[in-house]
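One structure below.
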Amino acid sequence: MTKPRTLYEKLWDSHVVRYLTDDTALLYVDRHLLHEVSTPQSFVALDKRGCGVHRPLANLAVPDHAIPTRHRDRPIADPQARAQMAKLVENVERYGIPFIPLNDIRQGIVHVMGPEQGFTLPGMTLACGDSHTSTHGAFGTLAFGVGASECGIVMAAQALVQRKSRTMAVRIEGTLSAGVSAKDVALAFIGKVGVNGAAGHAIEYLGPAVSGFSMEARMTLCNMAIEAGARVALVAPDDTTFNWLKGRPMAPEGDLWDQAVSYWRSLPTDEGAVFDREVLLNADEIAPHVTWGTSPEDTIAIDQMVPDPEMIEDEQKRARLKRALTYMGLTASTPIAGTPVDMVFIGSCTNGRLVDLEAAAEIVKGRKVSPNVQALVVPGSGLVKQAAEEKGLDRIFIDAGFEWREAGCSMCVAMNEDRLKPGQRCASTSNRNFEGRQGRGGRTHLLSPAMAAAAAITGTLTDIRKLEAM
Amino acid sequence: MDKFTKLTGVAAPLPIVNVDTDMIIPKDYLKTIQRTGLKKGLFAEMRFNEDGSENPDFVLNKPAYRNAQILVAGDNFGCGSSREHAPWALLDFGIRCVISTSFADIFYNNCFKNGILPITVSPENLEKLLDDASRGSNSTLTIDLETKTISGPDGGTITFDLDDFKRYCLLNGLDDIGLTLEKASSISAFEQQNAAARPWA
């Protein structure tokens, strides 16, 4: 009898080219996603070594990070972003790498576009020069973020030296209450284990709540795993996964599809497999969440108070919380709800998919954006945008006073003109609230699309459950 | 890549926890197609005021630490984005070694691709090293990768642990691209098997 294995162990074992030490192996990488910001230096390394790209068709490139989200008919105004973009085009042409150009309907954030195209498939390994590559784990894909050097190695050799992670099961029991989404679960989880609570681990999300989640919700959950320190997050592939993928442009077809599905059905964690750690979350107890500070672990339920650093015993942590409170311009022991916001951002690889825009539109419908607020919707891809427009969501947002933009990372990474001014406060569906993340001196509150929509309407951080009753 | 064997240099204290890669190098410096010249972006939002002038209170702007080669920092150093610009900026400034109680995984890996040694120590030893590092121009540490030791200004020695494979690569200045390409025959054998087992992949 073979030893029961976890999903992670099966993915790892099936990609080991050879072991270099007990726990370090050369791991085969099936797929590589590229964007304009993390790869110029990777290509320089390839040029220097004079080696080609090992399997050009295992790669897919798209611009997303530094591109503008409006005036796409004009040349990119920022000369540096324009040069970086031109470099990407030149590099992919030279090495024969498939490329989705800026004005293609398929263009979008790597982690939205990859799954949409069926480039991401269960049972595969996938690397990308972006920490949110954990997103693709929603499909039962061993996907992880790497630096530019490793992007170059993947292109040159289709393999990477990797150390095997420990495993962590995150069981989500119960059912989500009204107004609570995968984003709230993700924030509650990070709050519980801390910003490095899952470091060195590959997470697998399990339990009835996860099985009931849409692919989009699973992607949101896996996306935020890196904010708890986990490079890898996984959800076992099931019928929800297969139905979502079937017919996607790069998914297998016919007999090959059937063969793939029967293989994918063998991937879920075996009965009796042991994880190194287990964490339990009760979905019934999770309220809509919001971050108050400058680390994704600084999460509280929307009906709670801003914490008081003086209550923290650990000196370093107390110092960090004090610094965060000052940076955020908040007062300890006051309610977080009612905090006025200047900006609302709905989008990103965390929450820029159709179901996210639908959740926000449901709140926005028939209401108006507060006059003190600038509100942006940035769809995760051109196809998300198109699908939303077919459903009339663009009209709902525009009529309410939102700006309806073109796809990209936009205010999540703030490398283009979409950014906060010093002191401005933003309710954001993105994934990081670090100091300066959305612009120097900008203050970020992470929350779900529905909660962001509610903040846009009232002009303050608002408990979505109360808005619905209004 | 430069070898890392032994380093004697000034250690600068940065007693902040969760130093993220946005803090190490803000986004504005990522719109480059090169990996050199990034020291101007290192800790830019803490090191420089909004008008571009130096913030005299930031540790790396203080006379004793302007040539620091070692950084002693709070827990979970390098969390956040995978940007390799973070180790490039540290290296460009002259920092070859970072000491903390823990590192974020992607940043940790990126260090080894650039000849930077990240050292993990216990909270007690970090406290001691932060104290050593706060002695201005007397804050010299010696890092010996052969013996896996850190020697302080008072002659005290701390031993640290490091994965044998990573240590071997740093000592010999090997980058993974060379190592990986050496295994080309294993990779093609894997690909042949894989094409039969998972023809859709």
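We label chains A, B, ... in the order they appear in the structure tokens, count residues from 1 in each chain, and number ligands from 1 in the order shown.
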
Item to complete: Write down, as number ranges by chain, each residue of chain A that has any atom within 7 Å of an atom of chain B, counting only C-alpha atoms.
Response: A: 17, 30, 37-38, 40-41, 80-81, 84, 129-131, 145-149, 153, 157, 196, 199-200, 227, 229, 252, 256, 260, 316, 320, 415, 437

Keeping N, CA, C and O atoms, export the residues of the selection given above as a compact mmCIF listing (two decimals), in the first residue's frame.
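Okay, this is what ended up in result_7.txt:
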```
# COMPACT_ATOMS: atom_id res chain seq x y z
N VAL A 17 12.46 16.41 -11.19
CA VAL A 17 13.37 15.92 -12.23
C VAL A 17 14.44 15.07 -11.56
O VAL A 17 14.72 13.96 -11.96
N ASP A 30 5.92 23.50 -15.73
CA ASP A 30 5.14 23.33 -16.97
C ASP A 30 4.84 24.65 -17.66
O ASP A 30 4.77 24.71 -18.88
N VAL A 37 7.20 44.08 -16.04
CA VAL A 37 8.04 44.66 -14.99
C VAL A 37 9.10 43.70 -14.44
O VAL A 37 10.22 44.11 -14.16
N SER A 38 8.77 42.42 -14.34
CA SER A 38 9.71 41.51 -13.67
C SER A 38 10.60 40.73 -14.63
O SER A 38 11.37 39.89 -14.19
N PRO A 40 12.48 42.14 -17.79
CA PRO A 40 13.53 42.67 -18.67
C PRO A 40 14.91 42.12 -18.32
O PRO A 40 15.68 41.73 -19.20
N GLN A 41 15.19 42.02 -17.00
CA GLN A 41 16.50 41.55 -16.55
C GLN A 41 16.65 40.05 -16.76
O GLN A 41 17.77 39.55 -16.90
N GLN A 80 9.26 55.74 -19.07
CA GLN A 80 9.86 54.51 -18.52
C GLN A 80 8.95 53.31 -18.74
O GLN A 80 9.41 52.23 -19.12
N ALA A 81 7.66 53.50 -18.48
CA ALA A 81 6.70 52.41 -18.69
C ALA A 81 6.65 52.05 -20.18
O ALA A 81 6.54 50.87 -20.54
N GLN A 84 9.72 50.03 -21.03
CA GLN A 84 9.64 48.69 -20.47
C GLN A 84 8.72 47.80 -21.32
O GLN A 84 9.00 46.63 -21.57
N GLY A 129 6.92 35.85 -12.27
CA GLY A 129 7.63 36.85 -11.49
C GLY A 129 6.68 37.78 -10.78
O GLY A 129 6.67 38.98 -11.01
N ASP A 130 5.87 37.19 -9.92
CA ASP A 130 4.88 37.97 -9.17
C ASP A 130 4.44 37.14 -7.97
O ASP A 130 4.12 35.96 -8.12
N SER A 131 4.43 37.75 -6.80
CA SER A 131 4.15 36.97 -5.59
C SER A 131 2.73 36.44 -5.55
O SER A 131 2.46 35.47 -4.84
N GLY A 145 5.34 32.36 -6.90
CA GLY A 145 6.03 33.55 -7.36
C GLY A 145 7.53 33.39 -7.27
O GLY A 145 8.03 32.74 -6.36
N VAL A 146 8.24 33.96 -8.24
CA VAL A 146 9.71 33.89 -8.27
C VAL A 146 10.26 35.27 -8.63
O VAL A 146 9.52 36.13 -9.10
N GLY A 147 11.55 35.45 -8.44
CA GLY A 147 12.20 36.68 -8.84
C GLY A 147 12.62 36.63 -10.30
O GLY A 147 12.45 35.60 -10.97
N ALA A 148 13.21 37.73 -10.77
CA ALA A 148 13.58 37.83 -12.19
C ALA A 148 14.63 36.79 -12.59
O ALA A 148 14.60 36.27 -13.71
N SER A 149 15.57 36.48 -11.68
CA SER A 149 16.59 35.47 -12.02
C SER A 149 15.93 34.14 -12.30
O SER A 149 16.27 33.44 -13.26
N ILE A 153 15.74 31.44 -15.47
CA ILE A 153 16.09 30.02 -15.39
C ILE A 153 14.95 29.16 -15.96
O ILE A 153 15.19 28.22 -16.71
N ALA A 157 15.62 26.65 -18.98
CA ALA A 157 15.72 25.21 -18.68
C ALA A 157 14.39 24.54 -18.39
O ALA A 157 14.32 23.32 -18.31
N ASN A 196 3.36 36.28 8.69
CA ASN A 196 4.29 35.20 8.31
C ASN A 196 3.88 33.87 8.93
O ASN A 196 4.69 32.96 9.06
N ALA A 199 4.52 31.03 6.56
CA ALA A 199 5.80 31.03 5.83
C ALA A 199 6.38 29.62 5.80
O ALA A 199 6.25 28.87 6.77
N GLY A 200 6.97 29.27 4.68
CA GLY A 200 7.58 27.94 4.54
C GLY A 200 6.58 26.84 4.28
O GLY A 200 6.94 25.68 4.14
N GLU A 227 0.04 36.75 1.61
CA GLU A 227 0.00 37.78 2.67
C GLU A 227 0.09 37.15 4.06
O GLU A 227 0.24 37.84 5.06
N GLY A 229 2.33 34.70 4.20
CA GLY A 229 3.68 34.17 4.04
C GLY A 229 3.79 32.91 3.20
O GLY A 229 4.89 32.44 2.95
N PRO A 252 -7.26 21.44 -22.94
CA PRO A 252 -7.31 20.31 -23.88
C PRO A 252 -8.75 20.03 -24.35
O PRO A 252 -9.70 20.44 -23.69
N LEU A 256 -8.34 14.07 -25.20
CA LEU A 256 -7.29 14.59 -24.34
C LEU A 256 -7.91 15.23 -23.08
O LEU A 256 -7.36 15.11 -21.99
N ALA A 260 -7.29 14.04 -19.35
CA ALA A 260 -6.82 15.01 -18.35
C ALA A 260 -7.73 14.98 -17.13
O ALA A 260 -7.25 14.91 -15.99
N GLN A 316 8.62 45.02 20.02
CA GLN A 316 8.74 45.29 18.57
C GLN A 316 7.38 45.42 17.92
O GLN A 316 7.16 46.27 17.07
N ARG A 320 5.59 48.61 16.07
CA ARG A 320 5.04 48.55 14.72
C ARG A 320 3.60 49.07 14.68
O ARG A 320 3.23 49.84 13.79
N MET A 415 1.77 51.63 -10.09
CA MET A 415 2.93 51.95 -10.93
C MET A 415 2.55 52.88 -12.06
O MET A 415 3.42 53.42 -12.74
N ARG A 437 2.11 51.77 -0.50
CA ARG A 437 1.78 50.79 -1.54
C ARG A 437 0.96 51.42 -2.68
O ARG A 437 1.20 51.16 -3.85
```

Between range 3-67 of chain B and range 118-142 of chain B, at 7 Å or less, what are the per-residue closest atom pairs and their distances in Å? Count only C-alpha atoms, order by chain and rising residue number, and return it as a tab-separated table.
```
residue	atom	partner	partner_atom	distance
B:Leu7	CA	B:Thr142	CA	5.6
B:Thr8	CA	B:Thr142	CA	4.2
B:Gly9	CA	B:Thr140	CA	5.3
B:Val10	CA	B:Thr140	CA	4.4
B:Ala11	CA	B:Ala133	CA	5.2
B:Ala12	CA	B:Ala133	CA	5.4
B:Pro13	CA	B:Ala133	CA	5.3
B:Ala64	CA	B:Ser137	CA	4.9
B:Tyr65	CA	B:Gly136	CA	6.9
```

Grab the residues selected above and save them as an mmCIF file, in the first residue's frame with all heavy atoms.
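Output (result.cif):
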```
data_model
loop_
_atom_site.group_PDB
_atom_site.id
_atom_site.type_symbol
_atom_site.label_atom_id
_atom_site.label_comp_id
_atom_site.auth_asym_id
_atom_site.auth_seq_id
_atom_site.Cartn_x
_atom_site.Cartn_y
_atom_site.Cartn_z
ATOM 1 N N LEU B 7 33.093 38.085 5.310
ATOM 2 C CA LEU B 7 32.801 39.513 5.172
ATOM 3 C C LEU B 7 32.995 40.205 6.511
ATOM 4 O O LEU B 7 32.458 39.776 7.532
ATOM 5 C CB LEU B 7 31.342 39.687 4.707
ATOM 6 C CG LEU B 7 30.756 41.101 4.731
ATOM 7 C CD1 LEU B 7 31.341 41.960 3.616
ATOM 8 C CD2 LEU B 7 29.232 41.066 4.586
ATOM 9 N N THR B 8 33.803 41.267 6.511
ATOM 10 C CA THR B 8 33.918 42.098 7.712
ATOM 11 C C THR B 8 33.446 43.488 7.332
ATOM 12 O O THR B 8 33.953 44.093 6.387
ATOM 13 C CB THR B 8 35.379 42.159 8.216
ATOM 14 O OG1 THR B 8 35.774 40.831 8.552
ATOM 15 C CG2 THR B 8 35.506 43.042 9.442
ATOM 16 N N GLY B 9 32.429 43.966 8.038
ATOM 17 C CA GLY B 9 31.904 45.268 7.665
ATOM 18 C C GLY B 9 31.015 45.853 8.741
ATOM 19 O O GLY B 9 30.694 45.188 9.742
ATOM 20 N N VAL B 10 30.624 47.090 8.523
ATOM 21 C CA VAL B 10 29.760 47.795 9.476
ATOM 22 C C VAL B 10 28.346 47.242 9.357
ATOM 23 O O VAL B 10 27.829 47.051 8.256
ATOM 24 C CB VAL B 10 29.774 49.310 9.188
ATOM 25 C CG1 VAL B 10 28.695 50.046 9.980
ATOM 26 C CG2 VAL B 10 31.144 49.899 9.479
ATOM 27 N N ALA B 11 27.737 46.979 10.522
ATOM 28 C CA ALA B 11 26.357 46.491 10.551
ATOM 29 C C ALA B 11 25.439 47.623 10.985
ATOM 30 O O ALA B 11 25.696 48.297 11.982
ATOM 31 C CB ALA B 11 26.240 45.316 11.507
ATOM 32 N N ALA B 12 24.377 47.841 10.217
ATOM 33 C CA ALA B 12 23.422 48.904 10.548
ATOM 34 C C ALA B 12 22.168 48.290 11.172
ATOM 35 O O ALA B 12 21.661 47.292 10.669
ATOM 36 C CB ALA B 12 23.058 49.690 9.295
ATOM 37 N N PRO B 13 21.663 48.898 12.248
ATOM 38 C CA PRO B 13 20.467 48.354 12.884
ATOM 39 C C PRO B 13 19.189 48.912 12.239
ATOM 40 O O PRO B 13 19.080 50.105 11.991
ATOM 41 C CB PRO B 13 20.581 48.848 14.328
ATOM 42 C CG PRO B 13 21.339 50.143 14.223
ATOM 43 C CD PRO B 13 22.205 50.067 12.997
ATOM 44 N N ALA B 64 28.090 57.107 10.456
ATOM 45 C CA ALA B 64 28.711 55.818 10.800
ATOM 46 C C ALA B 64 28.229 54.671 9.917
ATOM 47 O O ALA B 64 28.892 53.644 9.814
ATOM 48 C CB ALA B 64 28.431 55.498 12.263
ATOM 49 N N TYR B 65 27.056 54.831 9.306
ATOM 50 C CA TYR B 65 26.453 53.695 8.603
ATOM 51 C C TYR B 65 26.368 53.864 7.087
ATOM 52 O O TYR B 65 25.765 53.060 6.411
ATOM 53 C CB TYR B 65 25.043 53.431 9.164
ATOM 54 C CG TYR B 65 25.044 53.067 10.620
ATOM 55 C CD1 TYR B 65 24.616 53.979 11.582
ATOM 56 C CD2 TYR B 65 25.496 51.817 11.043
ATOM 57 C CE1 TYR B 65 24.611 53.658 12.934
ATOM 58 C CE2 TYR B 65 25.502 51.484 12.394
ATOM 59 C CZ TYR B 65 25.062 52.398 13.333
ATOM 60 O OH TYR B 65 25.071 52.071 14.661
#
```

Discussion item. I need the residues in range 116-196 of chain A that are strand (DSSP E or B) according to DSSP; give them as a list in words.
Written reply: Thr125, Leu126, Ala127, Cys128, Leu142, Ala143, Phe144, Gly145, Ala159, Leu160, Val161, Gln162, Arg163, Arg166, Thr167, Met168, Ala169, Val170, Arg171, Ile172 and Glu173 of chain A

Generate the output file for the selected residues, N, CA, C and O atoms, as an mmCIF file, in the first residue's frame.
```cif
data_model
loop_
_atom_site.group_PDB
_atom_site.id
_atom_site.type_symbol
_atom_site.label_atom_id
_atom_site.label_comp_id
_atom_site.auth_asym_id
_atom_site.auth_seq_id
_atom_site.Cartn_x
_atom_site.Cartn_y
_atom_site.Cartn_z
ATOM 1 N N THR A 125 2.697 22.607 -12.780
ATOM 2 C CA THR A 125 3.470 23.593 -12.031
ATOM 3 C C THR A 125 3.513 24.864 -12.875
ATOM 4 O O THR A 125 3.574 24.794 -14.110
ATOM 5 N N LEU A 126 3.438 26.011 -12.212
ATOM 6 C CA LEU A 126 3.416 27.295 -12.920
ATOM 7 C C LEU A 126 4.207 28.315 -12.113
ATOM 8 O O LEU A 126 4.054 28.406 -10.898
ATOM 9 N N ALA A 127 5.068 29.050 -12.797
ATOM 10 C CA ALA A 127 5.842 30.098 -12.126
ATOM 11 C C ALA A 127 5.591 31.434 -12.813
ATOM 12 O O ALA A 127 5.223 31.483 -13.994
ATOM 13 N N CYS A 128 5.762 32.516 -12.055
ATOM 14 C CA CYS A 128 5.606 33.861 -12.612
ATOM 15 C C CYS A 128 6.347 34.821 -11.697
ATOM 16 O O CYS A 128 6.401 34.614 -10.485
ATOM 17 N N LEU A 142 0.301 23.731 -8.866
ATOM 18 C CA LEU A 142 1.401 24.132 -7.972
ATOM 19 C C LEU A 142 2.044 25.388 -8.565
ATOM 20 O O LEU A 142 2.862 25.310 -9.485
ATOM 21 N N ALA A 143 1.609 26.537 -8.073
ATOM 22 C CA ALA A 143 1.989 27.814 -8.677
ATOM 23 C C ALA A 143 2.648 28.698 -7.631
ATOM 24 O O ALA A 143 2.156 28.800 -6.511
ATOM 25 N N PHE A 144 3.766 29.312 -7.996
ATOM 26 C CA PHE A 144 4.474 30.132 -7.014
ATOM 27 C C PHE A 144 5.201 31.299 -7.670
ATOM 28 O O PHE A 144 5.604 31.235 -8.824
ATOM 29 N N GLY A 145 5.345 32.355 -6.896
ATOM 30 C CA GLY A 145 6.031 33.553 -7.358
ATOM 31 C C GLY A 145 7.533 33.387 -7.275
ATOM 32 O O GLY A 145 8.033 32.739 -6.356
ATOM 33 N N ALA A 159 12.989 24.360 -15.669
ATOM 34 C CA ALA A 159 13.078 23.724 -14.354
ATOM 35 C C ALA A 159 13.712 24.691 -13.361
ATOM 36 O O ALA A 159 14.412 25.618 -13.761
ATOM 37 N N LEU A 160 13.427 24.477 -12.088
ATOM 38 C CA LEU A 160 13.943 25.341 -11.021
ATOM 39 C C LEU A 160 14.377 24.500 -9.837
ATOM 40 O O LEU A 160 13.712 23.514 -9.510
ATOM 41 N N VAL A 161 15.453 24.923 -9.170
ATOM 42 C CA VAL A 161 15.841 24.287 -7.926
ATOM 43 C C VAL A 161 14.888 24.803 -6.843
ATOM 44 O O VAL A 161 14.779 26.010 -6.633
ATOM 45 N N GLN A 162 14.173 23.907 -6.203
ATOM 46 C CA GLN A 162 13.214 24.311 -5.181
ATOM 47 C C GLN A 162 13.334 23.446 -3.947
ATOM 48 O O GLN A 162 13.683 22.266 -4.029
ATOM 49 N N ARG A 163 13.020 24.052 -2.810
ATOM 50 C CA ARG A 163 12.988 23.290 -1.562
ATOM 51 C C ARG A 163 11.532 22.936 -1.285
ATOM 52 O O ARG A 163 10.643 23.763 -1.449
ATOM 53 N N ARG A 166 6.673 22.693 3.766
ATOM 54 C CA ARG A 166 5.843 21.948 4.716
ATOM 55 C C ARG A 166 4.388 22.181 4.292
ATOM 56 O O ARG A 166 4.102 23.072 3.506
ATOM 57 N N THR A 167 3.488 21.353 4.814
ATOM 58 C CA THR A 167 2.090 21.483 4.386
ATOM 59 C C THR A 167 1.218 22.007 5.518
ATOM 60 O O THR A 167 1.444 21.693 6.685
ATOM 61 N N MET A 168 0.246 22.814 5.163
ATOM 62 C CA MET A 168 -0.703 23.367 6.135
ATOM 63 C C MET A 168 -2.119 23.210 5.586
ATOM 64 O O MET A 168 -2.408 23.667 4.477
ATOM 65 N N ALA A 169 -2.971 22.537 6.344
ATOM 66 C CA ALA A 169 -4.381 22.440 5.960
ATOM 67 C C ALA A 169 -5.132 23.586 6.625
ATOM 68 O O ALA A 169 -4.978 23.805 7.820
ATOM 69 N N VAL A 170 -5.887 24.326 5.837
ATOM 70 C CA VAL A 170 -6.750 25.358 6.410
ATOM 71 C C VAL A 170 -8.181 24.904 6.154
ATOM 72 O O VAL A 170 -8.649 24.921 5.013
ATOM 73 N N ARG A 171 -8.829 24.409 7.205
ATOM 74 C CA ARG A 171 -10.199 23.898 7.071
ATOM 75 C C ARG A 171 -11.194 25.000 7.366
ATOM 76 O O ARG A 171 -11.122 25.637 8.422
ATOM 77 N N ILE A 172 -12.104 25.211 6.450
ATOM 78 C CA ILE A 172 -13.119 26.237 6.659
ATOM 79 C C ILE A 172 -14.465 25.535 6.800
ATOM 80 O O ILE A 172 -15.041 25.056 5.822
ATOM 81 N N GLU A 173 -14.913 25.430 8.047
ATOM 82 C CA GLU A 173 -16.176 24.755 8.341
ATOM 83 C C GLU A 173 -17.315 25.763 8.289
ATOM 84 O O GLU A 173 -17.099 26.963 8.367
#
```

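Residue nearest Arg106 in chain A within the list A:Pro307, A:Gly392, A:Pro249, A:Gly347: A:Pro249 [criterion: smallest interatomic distance, only C-alpha atoms].
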
Fill in: Residues flagged helix (DSSP H, G or I) by DSSP in range 122-319 of chain A, as number ranges by chain
A: 131-139, 148-157, 182-193, 208-212, 215-228, 239-245, 254-264, 283-285, 309-311, 315-319

Worksheet item: Got a sec: who's within 6 Å of His35 in chain A, counting only C-alpha atoms, leaving out chain neighbours fewer than 6 positions off, as a ChimeraX atom specification?
Response: /A:61-63

Practice prompt. Please indicate the distance in Å from CA of Glu297 in chain A to CA of Arg318 in chain A, rounded to one decimal place.
Written response: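 The value is 13.9 Å.
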
Worksheet entry | Residues within 10 Å of Gly94 in chain B, only C-alpha atoms, excluding chain neighbours under 6 positions, as a PyMOL selection string | chain B and resi 39+66-70+88

Practice prompt. May I ask which of the residues A:Asn433, A:Ser381, A:Ser348, A:Thr39 is the closest one to Val89 in chain A, counting only C-alpha atoms?
Written response: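 Answer, going by the shortest atom-to-atom distance: A:Thr39.
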
Item to complete: Tell me which of B:Leu90, B:Val72, B:Gly155, B:Glu54 sits closest to Gly37 in chain B, counting only C-alpha atoms.
Response: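 Selected residue with least distance to Gly37 in chain B: B:Leu90.
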
Worksheet item: Hey, what's within 12 Å of Arg443 in chain A if we count only C-alpha atoms and toss same-chain stuff fewer than 6 positions away? As a ChimeraX atom specification, please?
Response: /A:291-295,324-330,339-344,419-428,432-437

Worksheet item: Could you work out how far CA of Pro296 in chain A lies from CA of Lys192 in chain A, giving the answer in Å with one decimal?
Response: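 Computing the Euclidean distance for CA of Lys192 in chain A and CA of Pro296 in chain A yields 10.9 Å.
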